[in-house]
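Here's the structure we're looking at; comments come further down.
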Amino acid sequence: MKVSLFITCLSDAVYPRVGETMMRLLARYGIVLEFPNVQTCCGQPAYNSGYWKEARAAAKTIITAFEDSDFVVTPSGSCAYMVHHYPAMFEEEPEWQEKAIQLQKKVFEFSNFLVEVLGIQDVGARFPHKVTYHPSCHGSRLLGVKHEPMALLNNVQGLELVPLPFAEDCCGFGGTFAVKMSDISGAMVAEKAEHVIETEAEVLVGLDMGCLMNIAGHLRYRNKPVRVMHLVELLYEGVNYSDEHAANRA
Amino acid sequence: MSDHREDWLKQLDERSKQKQEQFLSGIAAKLNRPRVTEKPQRPLRGAPEFWEQFELSEADKLDMFQRNFEAAGGYVLSAATLADASSIIASKAAELQALHVLRQDVELLEQLGLEQALPQVNVRSWNDDQHEDWKARAAEADIGVVLADYAVAYTGSLALMSSKTKGRSVSLLPTLLVAIVPRSSVVTRLGEVLKQFDEPQQLPAGIHFVSGPSRSADIENDLTIGVHGPGIVYTIIVDNL
Amino acid sequence: MSTQQTELKGTVKERAELALNNDFLRQAVRFTTERLRSGKLKAAEEHGNWDEWRERGRQIRLHTIAHLDYYLGEFANNARENGVHVHFAETAQEAISIGLEIAKAKQAKSAVKSKSMVTEEIHLNQALQSIDCEAIETDLGEYIIQLANETPSHIIIPAIHKNRYQIAELLSEDAGETLPPETSVLAGYVRKKLREKFLQADIGVTGCNFAIAETGSIVLFENEGNARMVSTVPKTQITFMGMERIIPSWADLEVMATLLPRSATGQKLTVYMSGITGPRRAEDGDGPEEMHIIILDNGRSLQLGDPEFQELLNCIRCGACLNACPVYRHIGGHAYGGTYSGPIGAVLTPALQKNVAEWDDIANASSLCGACYEACPVKIPLHDMLVSLRRRKVEAGHDNALERIGMKGFATVMSSVKVYHSALKLGKIGQKAVVRDGGIRVKIGPLKGWNSYRVAPSISKQLFREQYSELRSELGQQAKEADPAVAARMQQWLTGRDGGASHE
């Protein structure tokens, strides 16, 4: 069985630890992720701005990369959802459209893969901190990933999960929106960050580095010491902690 | 109406029928198919099927109607008989120091005997005299009294259908509205009333659902009652009618 | 009342900036949309099975639009049978001209209007004023902004951008005496003032929430009672409706009456829901003697047959998308620059006007979060439509030159992993000049917008793909046995999907 990693350009270039922790976490279950190197970017920045020709150029690398994978796991609800746009994007190229349709069936956002495909809700992690969760728009609203991250977080020992006020409100990233409509985006991320600070959480966790980069960037700008992590980073740190704990007691 | 006006309207109607053809052919062309002139098949019509099964007991219906109507700022009272209802109206008239009361010209409302119960008050009956300016009478009325055709529990609404004797103005222009509702006219769902209008018939010109006093939150989201329609609305549910 | 309306100047970005700097506006819009949004969520939950109702609403609208020629024809014919004079107007001009013809024939000196977005769209009031017919808005919020000479900033609550002091000032001027900034006093004044107007008006103008094809009836939803006034008191009634506002039957109205008030304000039903079937009957004591319905196209038919936009015609104008939209919440309605604001406005304004060259940048004022789609009672995929608009603008060559160049660069880099990798290697070197403590704070060029509100991250010293092979061999060596339960589930999944075939 070939289980592949769709790293996303953002994690590849800026947040490689997300990829690393995902590999290490899944290796504990005997799954060593393949990494088809031809993958670059899902094409979303171009797609959202209406540049579908350019988006297709990127998308082809993704389709090609995973042609012979059984499962494709990605640490981003946004990029996973982007694959659902591929069949419409390749309307004029039936060969690629067919491949896109096949790819759609195999792509899974990370927490969805862990809970629904692998049947794992408790990774045996211990993370004794106050944590709040931001549900990224594409992942939760459009892809429908809602209960999976909650199930995983609720099973982490010692973790105090505090609800984020107006959690479902967009953080203002929207990819190129943050650059093109920077003032509106700035107002939105400021509001989101306020809510995070209100919770007095030590850690902000989420499923999408785009959103997290956005919120973290603003928190840092305001010198707020909230730690921002991807769910997989938190879970991996949690199992490490757990392992050490067990080792110390042994 | 003058001949000139009639001609003008006829002209407009002719023009409109031609334009209609253009419009409808244009629609069909854009939809890339020939004109549809037969009623299309429709597997889904109206509310979801499970909703049609929703039916409350009489007690529950009355209870739900009251809760909803009162939540919207209306008042609901019960009366065993029309005579009791009449006393209630009389006391409201006294409270309000009402000078003018206007009721629909309907048998059951005549039986209220308001003219006798309120001798100091000018009680009029809608449209019983064709030379009267009824809109002005309605505008000056302190209390309007109507007989509701139905009351809907789920939405807390009164259903009022207009006619010669049941003017729309009676439930709209006066300051306080009283609606008499026969207990047996209370239904559970809005659809139960609406469906009747799909039966072949000549519909009244005005079918009005009233779910409480007139309101607005247009000024800084601050709720205010009694903007254009009646600011005080009473429903009196009468048992034996 | 003067006829000039404040011209909306500048680009979306500029207007948005104005809005963002107006604290009162932002507070007011936020408070209002919060109230309406939570009201809607509560009402939907209380009612239950909300998604099934939405689907039913969607199906009814889809079916009606797909057979619009039939249903519109039925509606017009049945309305005529009730004694209504039906008119068809392809453009806003035509609708105005018909409306004015009727007003002139009546020698109308005053017209009272209930709230109607369609009449805003065609700028009816100005036209009536031009033939010396006073056009009076009677909805409290609309009356206020009419005095202020402004356009509505929200579909349901038009004057949310005004505070009570501003409103008191406007109404005091109108009254010729000082009125205190207290809601009940201000509303009381308007009630009294408009009473007279209702009773004296020659014409009553209404919009139309739904038009029932099978009986030729129009349905009006409202809370104040002014639409009832307008359709009961004056001798002549003119109803303006968009050609897509049709539903087949009264049974279908139950679905709309369930979805609309809850989505708009969280109410079970608006205080008044009125079904008007023709002018008064000969024996009636009130109601208009003459009734006209003007059916307007104005770009609506352009959506028909367009698979990306036909669903736009499903819209029931509830405003739920406005209340759900985080962008709207921050910039308010006027920043959108058209009659319709919020997500529906962002799509409707360009769509009604198929001329791509004239499209404003309004479709860019969205992060594509999908909250509008989630809130929409008839499930219109507005978030997808925004992307379609952007794509059409690009394909028509009306995109921003810099962006086009940037995207070409994107394609070059992303189409080949070699180029991609080289670009990142270059980037790692290039960023050295500006990275401090792992972050980038310079506010120049493309980074200006981002770094005005954030610290940007830097490209990692070692990309993930540069770490992979080492990581892979490390984990491969540990060679953990595949967890049997996990392996079984994956196999099950594969079987369910493509009959168990796997790629070993």
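Chain labels run A, B, ... following the order of the structure tokens; each chain numbers its residues from 1, and ligands are numbered from 1 in the order shown.
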
So which residues touch B:Ala90 within 8 Å, counting only C-alpha atoms, skipping near sequence neighbours fewer than 2 positions away, as a PyMOL selection string?
chain B and resi 86-88+92-94+114+117-118

Just want the 8 Å neighbourhood of A:Thr40, counted on only C-alpha atoms, with same-chain residues fewer than 6 positions away dropped. Output as a PyMOL selection string.
(chain A and resi 8-9+58+61-62) or (chain C and resi 414-417+420)

What would the file look like if the residues just selected were written as a compact mmCIF listing (two decimals), in the first residue's frame with C-alpha atoms?
```
# COMPACT_ATOMS: atom_id res chain seq x y z
CA THR A 8 1.97 21.76 0.36
CA CYS A 9 4.33 24.47 -0.84
CA ALA A 58 0.85 23.70 -10.83
CA THR A 61 2.51 18.34 -10.79
CA ILE A 62 0.18 17.24 -8.02
CA MET C 414 5.32 25.75 -10.09
CA SER C 415 5.24 23.80 -13.31
CA SER C 416 8.66 22.25 -12.75
CA VAL C 417 10.06 21.03 -9.48
CA TYR C 420 10.58 25.59 -7.97
```

Any idea what's packed within 9 Å of A:Val205, counting only C-alpha atoms, ignoring anything in its chain fewer than 2 positions away? Could you give it as a compact mmCIF listing (two decimals) with C-alpha atoms, in the first residue's frame?
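That gives us result17.txt:
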```txt
# COMPACT_ATOMS: atom_id res chain seq x y z
CA VAL A 131 -5.02 25.21 24.10
CA THR A 132 -7.50 26.85 21.79
CA TYR A 133 -8.48 25.63 18.31
CA HIS A 134 -9.09 27.66 15.12
CA PRO A 135 -11.15 25.78 12.49
CA VAL A 203 -1.19 27.48 22.46
CA LEU A 207 -5.12 22.36 10.67
CA LEU A 212 -1.79 29.80 11.39
CA ARG A 227 2.57 29.54 20.71
CA VAL A 228 1.07 28.63 17.34
CA MET A 229 1.19 24.99 16.21
CA HIS A 230 -0.23 22.67 13.63
CA LEU A 231 -2.27 19.83 15.16
CA LEU A 234 1.14 19.24 18.91
```

Using only C-alpha atoms, select each residue of chain A with any atom at most 6 Å away from an atom of chain C, and give the selection as a PDB file with C-alpha atoms, in the first residue's frame.
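Contents of result31.pdb, freshly written:
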```pdb
ATOM      1  CA  MET A   1       0.000   0.000   0.000  1.00  0.00           C
ATOM      2  CA  ASP A  12       7.731  22.588   2.307  1.00  0.00           C
ATOM      3  CA  ALA A  13       9.298  26.030   2.220  1.00  0.00           C
ATOM      4  CA  VAL A  14       8.426  27.581   5.564  1.00  0.00           C
ATOM      5  CA  PRO A  16       9.018  21.710   7.282  1.00  0.00           C
ATOM      6  CA  TYR A  29       1.742   2.892  13.163  1.00  0.00           C
ATOM      7  CA  GLY A  30       4.043   1.373  10.613  1.00  0.00           C
ATOM      8  CA  VAL A  38       7.649  16.246  -8.559  1.00  0.00           C
ATOM      9  CA  THR A  40       5.181  21.677  -6.155  1.00  0.00           C
ATOM     10  CA  ASN A  48      -8.539  31.865  -6.502  1.00  0.00           C
ATOM     11  CA  SER A  49      -7.370  34.888  -8.433  1.00  0.00           C
ATOM     12  CA  GLY A  50      -8.931  33.603 -11.621  1.00  0.00           C
ATOM     13  CA  GLU A  54      -1.479  29.047 -14.390  1.00  0.00           C
ATOM     14  CA  ALA A  57       0.352  24.226 -14.552  1.00  0.00           C
ATOM     15  CA  ALA A  58       0.850  23.702 -10.828  1.00  0.00           C
ATOM     16  CA  LEU A 118      -6.986   4.823  10.247  1.00  0.00           C
ATOM     17  CA  CYS A 137     -12.706  27.823   6.704  1.00  0.00           C
ATOM     18  CA  GLY A 174      -7.635  33.975   1.966  1.00  0.00           C
ATOM     19  CA  PHE A 177      -6.685  38.370  -0.378  1.00  0.00           C
ATOM     20  CA  VAL A 179      -2.023  40.937  -0.038  1.00  0.00           C
ATOM     21  CA  SER A 182      -4.489  44.062   3.053  1.00  0.00           C
ATOM     22  CA  GLY A 186      -5.546  43.188   8.668  1.00  0.00           C
ATOM     23  CA  GLY A 217       2.320  36.760  12.217  1.00  0.00           C
ATOM     24  CA  HIS A 218      -0.099  39.215  13.781  1.00  0.00           C
ATOM     25  CA  TYR A 221       3.687  41.784  15.489  1.00  0.00           C
TER      26      TYR A 221
END
```

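Shortest separation to chain B among C:Ile155, C:Ala423, C:Ala187, C:Ala148 occurs at residue C:Ala187, atoms counted being only C-alpha atoms.
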
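A straight line drawn from atom CA of A:Val196 to atom CA of A:Ile215 is 9.2 Å long.
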
Considering only C-alpha atoms, return as a short mmCIF file (atom, residue, chain, number, x, y, z; two decimals) with C-alpha atoms, in the first residue's frame whatever protein or nucleic-acid residues lie within 8 Å of stretch 204-206 of chain B, sequence-local ones (same chain, fewer than 2 positions apart) excluded.
```cif
data_model
loop_
_atom_site.label_atom_id
_atom_site.label_comp_id
_atom_site.auth_asym_id
_atom_site.auth_seq_id
_atom_site.Cartn_x
_atom_site.Cartn_y
_atom_site.Cartn_z
CA MET B 161 -58.97 37.38 4.40
CA SER B 162 -60.45 40.56 2.94
CA SER B 163 -63.92 40.93 1.47
CA ARG B 168 -58.05 45.31 5.35
CA GLN B 202 -61.42 33.31 -6.62
CA HIS B 208 -52.98 38.98 5.61
CA SER C 274 -49.51 39.74 2.85
CA GLY C 275 -50.76 37.95 -0.24
CA ILE C 276 -52.24 40.41 -2.73
CA THR C 277 -54.28 38.98 -5.56
CA GLY C 278 -55.24 41.78 -7.89
CA PRO C 279 -56.82 45.16 -7.13
CA ARG C 280 -59.86 45.46 -4.84
CA ARG C 281 -62.92 43.49 -5.71
CA GLY C 287 -57.58 48.32 -1.56
#
```
